[in-house]
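Asker: See coords-v5.tsv below, with TSV, C-alpha atoms.
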chain	number	residue	atom	x	y	z
A	1	MET	CA	91.47	102.43	72.72
A	2	LYS	CA	90.70	101.77	69.05
A	3	ASN	CA	90.17	105.47	68.38
A	4	ALA	CA	93.09	106.69	70.48
A	5	GLY	CA	95.45	106.86	67.51
A	6	THR	CA	92.99	108.26	64.95
A	7	PRO	CA	93.90	111.98	65.33
A	8	GLN	CA	97.61	111.13	65.07
A	9	ARG	CA	97.04	109.03	61.96
A	10	SER	CA	94.90	111.76	60.40
A	11	ALA	CA	97.60	114.35	61.03
A	12	HIS	CA	100.20	112.03	59.51
A	13	GLU	CA	98.05	111.43	56.42
A	14	ALA	CA	97.49	115.16	56.03
A	15	GLU	CA	101.25	115.74	56.25
A	16	ARG	CA	101.89	113.13	53.57
A	17	ALA	CA	99.24	114.69	51.33
A	18	ASP	CA	100.86	118.09	51.83
A	19	GLY	CA	104.21	116.59	50.86
A	20	ARG	CA	102.78	115.10	47.66
A	21	THR	CA	101.17	118.39	46.69
A	22	ARG	CA	104.37	120.30	47.41
A	23	GLN	CA	106.25	117.83	45.20
A	24	ALA	CA	103.69	118.38	42.45
A	25	VAL	CA	104.17	122.15	42.69
A	26	ALA	CA	107.95	121.75	42.47
A	27	LYS	CA	107.58	119.35	39.54
A	28	GLN	CA	105.59	121.95	37.61
A	29	LEU	CA	108.48	124.39	38.03
A	30	LEU	CA	110.93	121.69	36.97
A	31	GLU	CA	109.04	120.81	33.79
A	32	GLN	CA	107.65	124.21	32.80
A	33	GLY	CA	110.28	126.62	34.07
A	34	PRO	CA	109.41	129.89	35.85
A	35	MET	CA	105.66	130.15	36.54
A	36	THR	CA	103.24	132.32	38.48
A	37	ALA	CA	101.28	130.90	41.42
A	38	MET	CA	98.09	131.33	39.38
A	39	SER	CA	99.49	129.30	36.47
A	40	ILE	CA	100.56	126.50	38.79
A	41	ALA	CA	97.11	126.49	40.42
A	42	GLU	CA	95.44	126.18	37.01
A	43	GLU	CA	97.74	123.32	35.96
A	44	LEU	CA	97.17	121.36	39.17
A	45	GLY	CA	93.51	122.23	39.71
A	46	LEU	CA	94.23	123.81	43.10
A	47	SER	CA	93.30	127.13	44.64
A	48	PRO	CA	95.88	129.93	44.30
A	49	ALA	CA	95.92	130.26	48.10
A	50	ALA	CA	96.86	126.59	48.50
A	51	VAL	CA	99.63	126.87	45.90
A	52	ARG	CA	101.05	130.01	47.53
A	53	ARG	CA	101.18	128.18	50.87
A	54	HIS	CA	103.32	125.47	49.34
A	55	LEU	CA	105.46	128.00	47.48
A	56	ASP	CA	106.07	129.85	50.75
A	57	ALA	CA	107.29	126.59	52.28
A	58	LEU	CA	109.59	125.94	49.30
A	59	LEU	CA	110.91	129.50	49.55
A	60	ALA	CA	111.62	128.98	53.26
A	61	ASP	CA	113.57	125.81	52.41
A	62	LYS	CA	115.48	127.74	49.69
A	63	GLU	CA	114.27	125.27	47.06
A	64	VAL	CA	112.47	128.03	45.14
A	65	SER	CA	113.36	131.64	44.34
A	66	THR	CA	111.36	134.47	42.73
A	67	ARG	CA	111.75	137.11	40.08
A	68	GLU	CA	109.47	139.70	38.55
A	69	ALA	CA	107.61	138.64	35.41
A	70	SER	CA	108.55	140.17	32.07
A	71	ARG	CA	106.49	143.17	31.00
A	72	ARG	CA	105.51	141.26	27.86
A	73	GLN	CA	103.62	138.71	29.93
A	74	PRO	CA	99.94	139.45	30.67
A	75	ARG	CA	99.23	140.82	34.13
A	76	GLY	CA	96.11	141.40	36.08
A	77	ARG	CA	95.36	144.36	38.29
A	78	GLY	CA	97.44	145.05	41.35
A	79	ARG	CA	101.11	144.44	41.96
A	80	PRO	CA	103.40	143.00	39.24
A	81	ALA	CA	103.22	139.27	38.69
A	82	LYS	CA	105.86	137.21	40.46
A	83	LEU	CA	107.50	134.21	38.83
A	84	PHE	CA	108.67	131.25	40.89
A	85	LEU	CA	111.59	129.06	39.77
A	86	LEU	CA	113.55	126.17	41.24
A	87	THR	CA	116.94	126.77	42.78
A	88	GLU	CA	119.81	124.30	42.42
A	89	SER	CA	118.78	122.90	45.80
A	90	GLY	CA	115.24	122.43	44.50
A	91	ARG	CA	116.43	120.59	41.42
A	92	ALA	CA	118.58	118.34	43.57
A	93	GLN	CA	115.41	116.97	45.19
A	94	PHE	CA	114.63	115.26	41.89
A	95	GLY	CA	117.96	113.46	41.85
A	96	HIS	CA	120.91	113.43	39.48
A	97	ALA	CA	122.24	110.70	37.25
A	98	TYR	CA	125.77	111.30	38.48
A	99	ASP	CA	127.24	111.98	41.91
A	100	ASP	CA	130.57	112.79	43.47
A	101	LEU	CA	131.96	109.49	42.24
A	102	ALA	CA	131.45	110.62	38.62
A	103	VAL	CA	133.25	113.90	39.30
A	104	ALA	CA	136.14	112.04	40.92
A	105	ALA	CA	136.34	109.64	37.98
A	106	LEU	CA	136.48	112.48	35.43
A	107	ARG	CA	139.13	114.28	37.47
A	108	TYR	CA	141.21	111.12	37.34
A	109	LEU	CA	140.60	110.82	33.59
A	110	ALA	CA	141.62	114.45	33.06
A	111	GLU	CA	144.77	114.02	35.13
A	112	PHE	CA	146.03	110.91	33.37
A	113	GLY	CA	144.39	111.17	29.95
A	114	GLY	CA	144.22	114.92	29.46
A	115	GLU	CA	141.47	117.13	28.01
A	116	ASP	CA	141.15	114.99	24.89
A	117	ALA	CA	140.20	111.97	26.99
A	118	VAL	CA	137.51	113.92	28.82
A	119	ARG	CA	136.18	115.27	25.52
A	120	ALA	CA	136.10	111.77	24.01
A	121	PHE	CA	134.18	110.51	27.03
A	122	ALA	CA	131.66	113.36	26.72
A	123	GLN	CA	131.14	112.63	23.01
A	124	ARG	CA	130.68	108.91	23.66
A	125	ARG	CA	128.16	109.59	26.42
A	126	ILE	CA	125.91	111.89	24.38
A	127	ALA	CA	126.21	109.63	21.32
A	128	THR	CA	124.88	106.73	23.39
A	129	LEU	CA	121.94	108.87	24.52
A	130	VAL	CA	120.94	110.30	21.13
A	131	ASP	CA	121.43	107.03	19.24
A	132	ARG	CA	118.35	105.66	21.02
A	133	HIS	CA	116.26	108.37	19.33
A	134	ARG	CA	118.22	109.16	16.18
A	135	GLU	CA	115.98	107.29	13.73
A	136	VAL	CA	112.78	108.94	14.98
A	137	VAL	CA	114.24	112.46	15.03
A	138	LEU	CA	115.93	112.21	11.61
A	139	SER	CA	112.75	110.82	10.00
A	140	ILE	CA	111.18	114.30	10.33
A	141	SER	CA	112.15	116.89	7.72
A	142	ASP	CA	110.39	119.97	9.09
A	143	PRO	CA	112.91	121.75	11.40
A	144	VAL	CA	110.33	122.83	13.98
A	145	ARG	CA	108.77	119.37	14.25
A	146	ARG	CA	112.23	117.82	14.39
A	147	ALA	CA	113.12	120.08	17.32
A	148	GLU	CA	109.88	119.05	19.03
A	149	ALA	CA	110.77	115.38	18.50
A	150	LEU	CA	114.21	115.98	20.01
A	151	ALA	CA	112.57	117.68	23.01
A	152	GLN	CA	110.32	114.64	23.51
A	153	ALA	CA	113.35	112.35	23.28
A	154	LEU	CA	115.25	114.40	25.86
A	155	SER	CA	112.22	114.43	28.18
A	156	SER	CA	112.15	110.63	28.07
A	157	GLU	CA	115.78	110.73	29.24
A	158	GLY	CA	114.97	112.98	32.23
A	159	TYR	CA	115.71	116.43	30.78
A	160	ALA	CA	112.13	117.85	30.98
A	161	ALA	CA	112.57	119.51	27.57
A	162	SER	CA	110.25	121.71	25.52
A	163	THR	CA	110.41	124.07	22.52
A	164	ARG	CA	109.23	127.61	21.87
A	165	ARG	CA	109.30	130.04	18.95
A	166	VAL	CA	111.42	133.15	19.51
A	167	GLY	CA	111.81	135.63	16.68
A	168	HIS	CA	113.26	133.90	13.60
A	169	GLY	CA	114.20	130.76	15.46
A	170	GLU	CA	113.13	127.90	17.67
A	171	GLN	CA	114.50	127.43	21.16
A	172	LEU	CA	115.03	124.03	22.74
A	173	CYS	CA	114.66	124.40	26.52
A	174	GLN	CA	115.83	121.77	29.01
A	175	HIS	CA	114.30	122.49	32.42
A	176	HIS	CA	116.32	119.80	34.16
A	177	CYS	CA	119.85	118.50	33.67
A	178	PRO	CA	120.66	115.12	35.25
A	179	VAL	CA	124.40	115.87	34.92
A	180	ALA	CA	124.42	119.55	35.95
A	181	HIS	CA	126.71	118.99	38.93
A	182	VAL	CA	129.29	117.24	36.79
A	183	ALA	CA	128.97	119.63	33.84
A	184	ALA	CA	129.63	122.59	36.14
A	185	GLU	CA	133.21	121.34	36.45
A	186	PHE	CA	133.48	119.62	33.06
A	187	PRO	CA	131.87	121.84	30.37
A	188	GLN	CA	132.94	119.29	27.75
A	189	LEU	CA	129.64	117.53	28.53
A	190	CYS	CA	127.68	120.61	27.42
A	191	GLU	CA	129.91	121.15	24.39
A	192	ALA	CA	129.42	117.57	23.19
A	193	GLU	CA	125.66	117.89	23.72
A	194	THR	CA	125.51	121.09	21.65
A	195	THR	CA	127.42	119.44	18.79
A	196	ALA	CA	125.07	116.43	18.90
A	197	PHE	CA	122.03	118.71	18.74
A	198	ALA	CA	123.48	120.47	15.67
A	199	GLU	CA	123.97	117.12	13.95
A	200	LEU	CA	120.46	115.87	14.78
A	201	LEU	CA	118.74	119.12	13.82
A	202	GLY	CA	120.81	119.53	10.67
A	203	SER	CA	121.61	123.14	11.41
A	204	HIS	CA	123.92	125.56	13.12
A	205	VAL	CA	122.79	125.92	16.76
A	206	GLN	CA	123.87	128.17	19.62
A	207	ARG	CA	123.74	127.41	23.33
A	208	LEU	CA	122.44	130.52	25.09
A	209	ALA	CA	122.28	129.31	28.68
A	210	THR	CA	123.00	126.24	30.80
A	211	ILE	CA	121.89	125.07	34.23
A	212	ALA	CA	125.50	124.03	34.87
A	213	ARG	CA	126.53	127.70	34.66
A	214	GLY	CA	123.80	128.80	37.05
A	215	ASP	CA	120.98	129.60	34.60
A	216	ALA	CA	117.40	128.48	35.27
A	217	VAL	CA	117.13	126.55	31.99
A	218	CYS	CA	119.48	125.08	29.37
A	219	THR	CA	118.55	126.98	26.19
A	220	THR	CA	119.68	126.08	22.68
A	221	HIS	CA	118.75	128.35	19.76
A	222	LEU	CA	117.93	126.89	16.34
A	223	PRO	CA	117.73	129.58	13.61
A	224	LEU	CA	114.98	128.96	11.06
A	225	ILE	CA	116.51	131.25	8.45
A	226	PRO	CA	119.62	129.64	6.89
A	227	VAL	CA	122.89	131.46	7.50
A	228	ALA	CA	124.27	133.07	4.31
A	229	VAL	CA	127.48	131.58	2.92
A	230	SER	CA	128.79	135.08	2.14
A	231	GLN	CA	127.55	138.64	1.76
A	232	ASN	CA	127.51	138.17	-2.03
A	233	ASP	CA	125.51	134.96	-1.83
A	234	PRO	CA	122.51	135.59	0.43
A	235	VAL	CA	120.22	132.74	1.34
A	236	PRO	CA	116.48	133.44	1.16
A	237	PRO	CA	114.29	132.83	4.24
A	238	THR	CA	112.87	129.36	4.75
A	239	ALA	CA	109.45	129.03	3.15
A	240	GLY	CA	106.63	129.24	5.67
A	241	THR	CA	108.75	130.82	8.41
A	242	THR	CA	106.65	133.13	10.55
A	243	THR	CA	107.99	136.25	12.18
A	244	THR	CA	107.09	137.22	15.71
A	245	ARG	CA	108.40	139.92	17.96
A	246	PRO	CA	111.75	138.61	19.22
A	247	GLU	CA	112.60	138.40	22.89
A	248	PRO	CA	115.78	140.13	24.12
A	249	ALA	CA	118.81	138.10	23.11
A	250	GLU	CA	120.52	136.17	25.86
A	251	LYS	CA	124.29	136.15	26.11
A	252	PRO	CA	125.71	133.06	24.40
A	253	VAL	CA	127.72	130.65	26.49
A	254	PRO	CA	131.38	130.76	25.38
A	255	GLY	CA	132.34	127.77	23.29
A	256	GLN	CA	128.77	126.62	22.90
A	257	THR	CA	128.22	127.33	19.22
A	258	ALA	CA	128.05	124.27	17.02
A	259	ARG	CA	127.78	123.71	13.28
A	260	ILE	CA	127.38	120.52	11.32
A	261	PRO	CA	130.94	119.30	10.68
A	262	ASP	CA	131.97	118.23	7.17
A	263	GLY	CA	130.77	114.71	6.65
A	264	GLY	CA	127.75	115.09	8.96
A	265	GLU	CA	129.41	113.65	12.06
A	266	PRO	CA	129.94	115.48	15.39
A	267	ALA	CA	133.29	117.16	15.80
Rewrite the structure of this file - the entire thing - as structure tokens.

Answerer:
Amino acid sequence: MKNAGTPQRSAHEAERADGRTRQAVAKQLLEQGPMTAMSIAEELGLSPAAVRRHLDALLADKEVSTREASRRQPRGRGRPAKLFLLTESGRAQFGHAYDDLAVAALRYLAEFGGEDAVRAFAQRRIATLVDRHREVVLSISDPVRRAEALAQALSSEGYAASTRRVGHGEQLCQHHCPVAHVAAEFPQLCEAETTAFAELLGSHVQRLATIARGDAVCTTHLPLIPVAVSQNDPVPPTAGTTTTRPEPAEKPVPGQTARIPDGGEPA
């Protein structure tokens, strides 16, 4: 009788192990963005076959979708590489900081306080978040390192952020947005965030994409060459700026361009 339940327990343990591995695969996509099965296997130390099995399960549950890899990315022999990325349903498995109650509260605020009240709330919210990291970020003068510090700060707040060099600028990528569901209805949250980033980075920035609008990643572009004041007064490139082949420009999100307001405080 002692061994009667052993096969059942073993099957249950195997199922739990499968669940943990599947969660690890999904977490890689959350933190790194679109990846190939081979890249995920290398990161997790698993076989490509095992990773594809879990990706197939995530695809069946509509938590993951696929797209063809860019031609600029290295490919092996055979068919074109396939990138896997989380869907909105897949991101939801990692939880959100706000729920339907937050949406209802903001609707009430908008109804009785108007757009200005919602905007003030959004500014207060992001100010509370960035103030916890302001001193560390502003202590760095190099714009690239400052962007990296901001990415680390955002990651500690649940945004799974990273940076990458694209052409003459640096891009801040947020692979997760804890408030995406709310921001989809109230874009003031994204607008306030963009303005706060401009203030922290000390530069004009442009929001290229947001998860709230259905994109895979929230992307904010930080130009490394100062914008000229006028055509008659050009500004030379920043010393030490390297030039790489730029990626195709993404369409900017309307209303998501931010500059440092006069006085250095968010607008």

Asker: Write out as a list in words each polymer residue whose atoms come within 12 Å of Gly19 (chain A), counting only C-alpha atoms; drop sequence neighbours fewer than 3 positions from it.

Answerer: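 With the cut-off at 12 Å, the set is His12, Glu13, Ala14, Glu15, Arg16, Arg22, Gln23, Ala24, Val25, Ala26, Arg53, His54, Leu55, Ala57 and Leu58 of chain A.
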
Asker: Can you tell me, as a list of chain:residue names, what residues are no more than 6 Å from Thr87 (chain A) when counting all atoms listed in the file, ignoring any on the same chain fewer than 3 positions away?

Answerer: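 Here the answer would be A:Glu63, A:Val64, A:Gly90.
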
Asker: Between CA of Asp116 (chain A) and CA of Thr128 (chain A), what is the distance in Å, rounded to a tenth?

Answerer: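 Distance between the two atoms: 18.3 Å.
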
Asker: Using all atoms listed in the file, find the one residue out of A:Glu193, A:Arg213, A:Val182, A:Ala198 that sits nearest to Ala102 (chain A).

Answerer: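 Comparing A:Glu193, A:Arg213, A:Val182, A:Ala198 against Ala102 (chain A), the winner is A:Val182.
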
Asker: When you look at region 173-178 of chain A with a cut-off of 7 Å (counting all atoms listed in the file), what residues show up, excluding the ones that are within fewer than 6 positions of it in the same chain? I need them as a ChimeraX atom specification.

Answerer: /A:30-33,96-97,158-163,211,217-220

Asker: Which residues are near Leu109 (chain A)? Cut-off 7 Å, all atoms listed in the file, ignore same chain within fewer than 5 positions. Put them as a PyMOL selection string.

Answerer: chain A and resi 114+117-118

Asker: So, with only C-alpha atoms as the atoms that count, which of A:Val136, A:Ala127, A:Ala216, A:Ala151 lies closest to Glu199 (chain A)?

Answerer: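 Smallest separation from Glu199 (chain A) among the options: A:Ala127.
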
Asker: Looking at A:Glu111, A:Asp100, A:Glu191, A:Glu185, which one is nearest to Ile126 (chain A), with distances taken over all atoms listed in the file?

Answerer: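 Smallest distance to Ile126 (chain A) is found for A:Glu191.
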
Asker: Considering all atoms listed in the file, return as a ChimeraX atom specification whatever protein or nucleic-acid residues lie within 7 Å of Pro48 (chain A), sequence-local ones (same chain, fewer than 6 positions apart) excluded.

Answerer: /A:37-38,41

Asker: Compare A:Thr195, A:Thr210, A:Lys62, A:Lys27 by their minimum atom-to-atom distance to His181 (chain A), counting all atoms listed in the file, and give me the closest one.

Answerer: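 Comparing A:Thr195, A:Thr210, A:Lys62, A:Lys27 against His181 (chain A), the winner is A:Thr210.
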
Asker: Quote the spacing between CA of Glu135 (chain A) and CA of Ser203 (chain A) in Å to one decimal place.

Answerer: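 A separation of 17.0 Å between them.
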
Asker: Do you have the CA of Ala17 (chain A)-CA of Val51 (chain A) distance handy?

Answerer: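 Between these atoms lies a distance of 13.3 Å.
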
Asker: Between A:Gly45, A:Gln152, A:Asp18, A:Gln28, single out the one closest to Val130 (chain A), counting all atoms listed in the file.

Answerer: A:Gln152
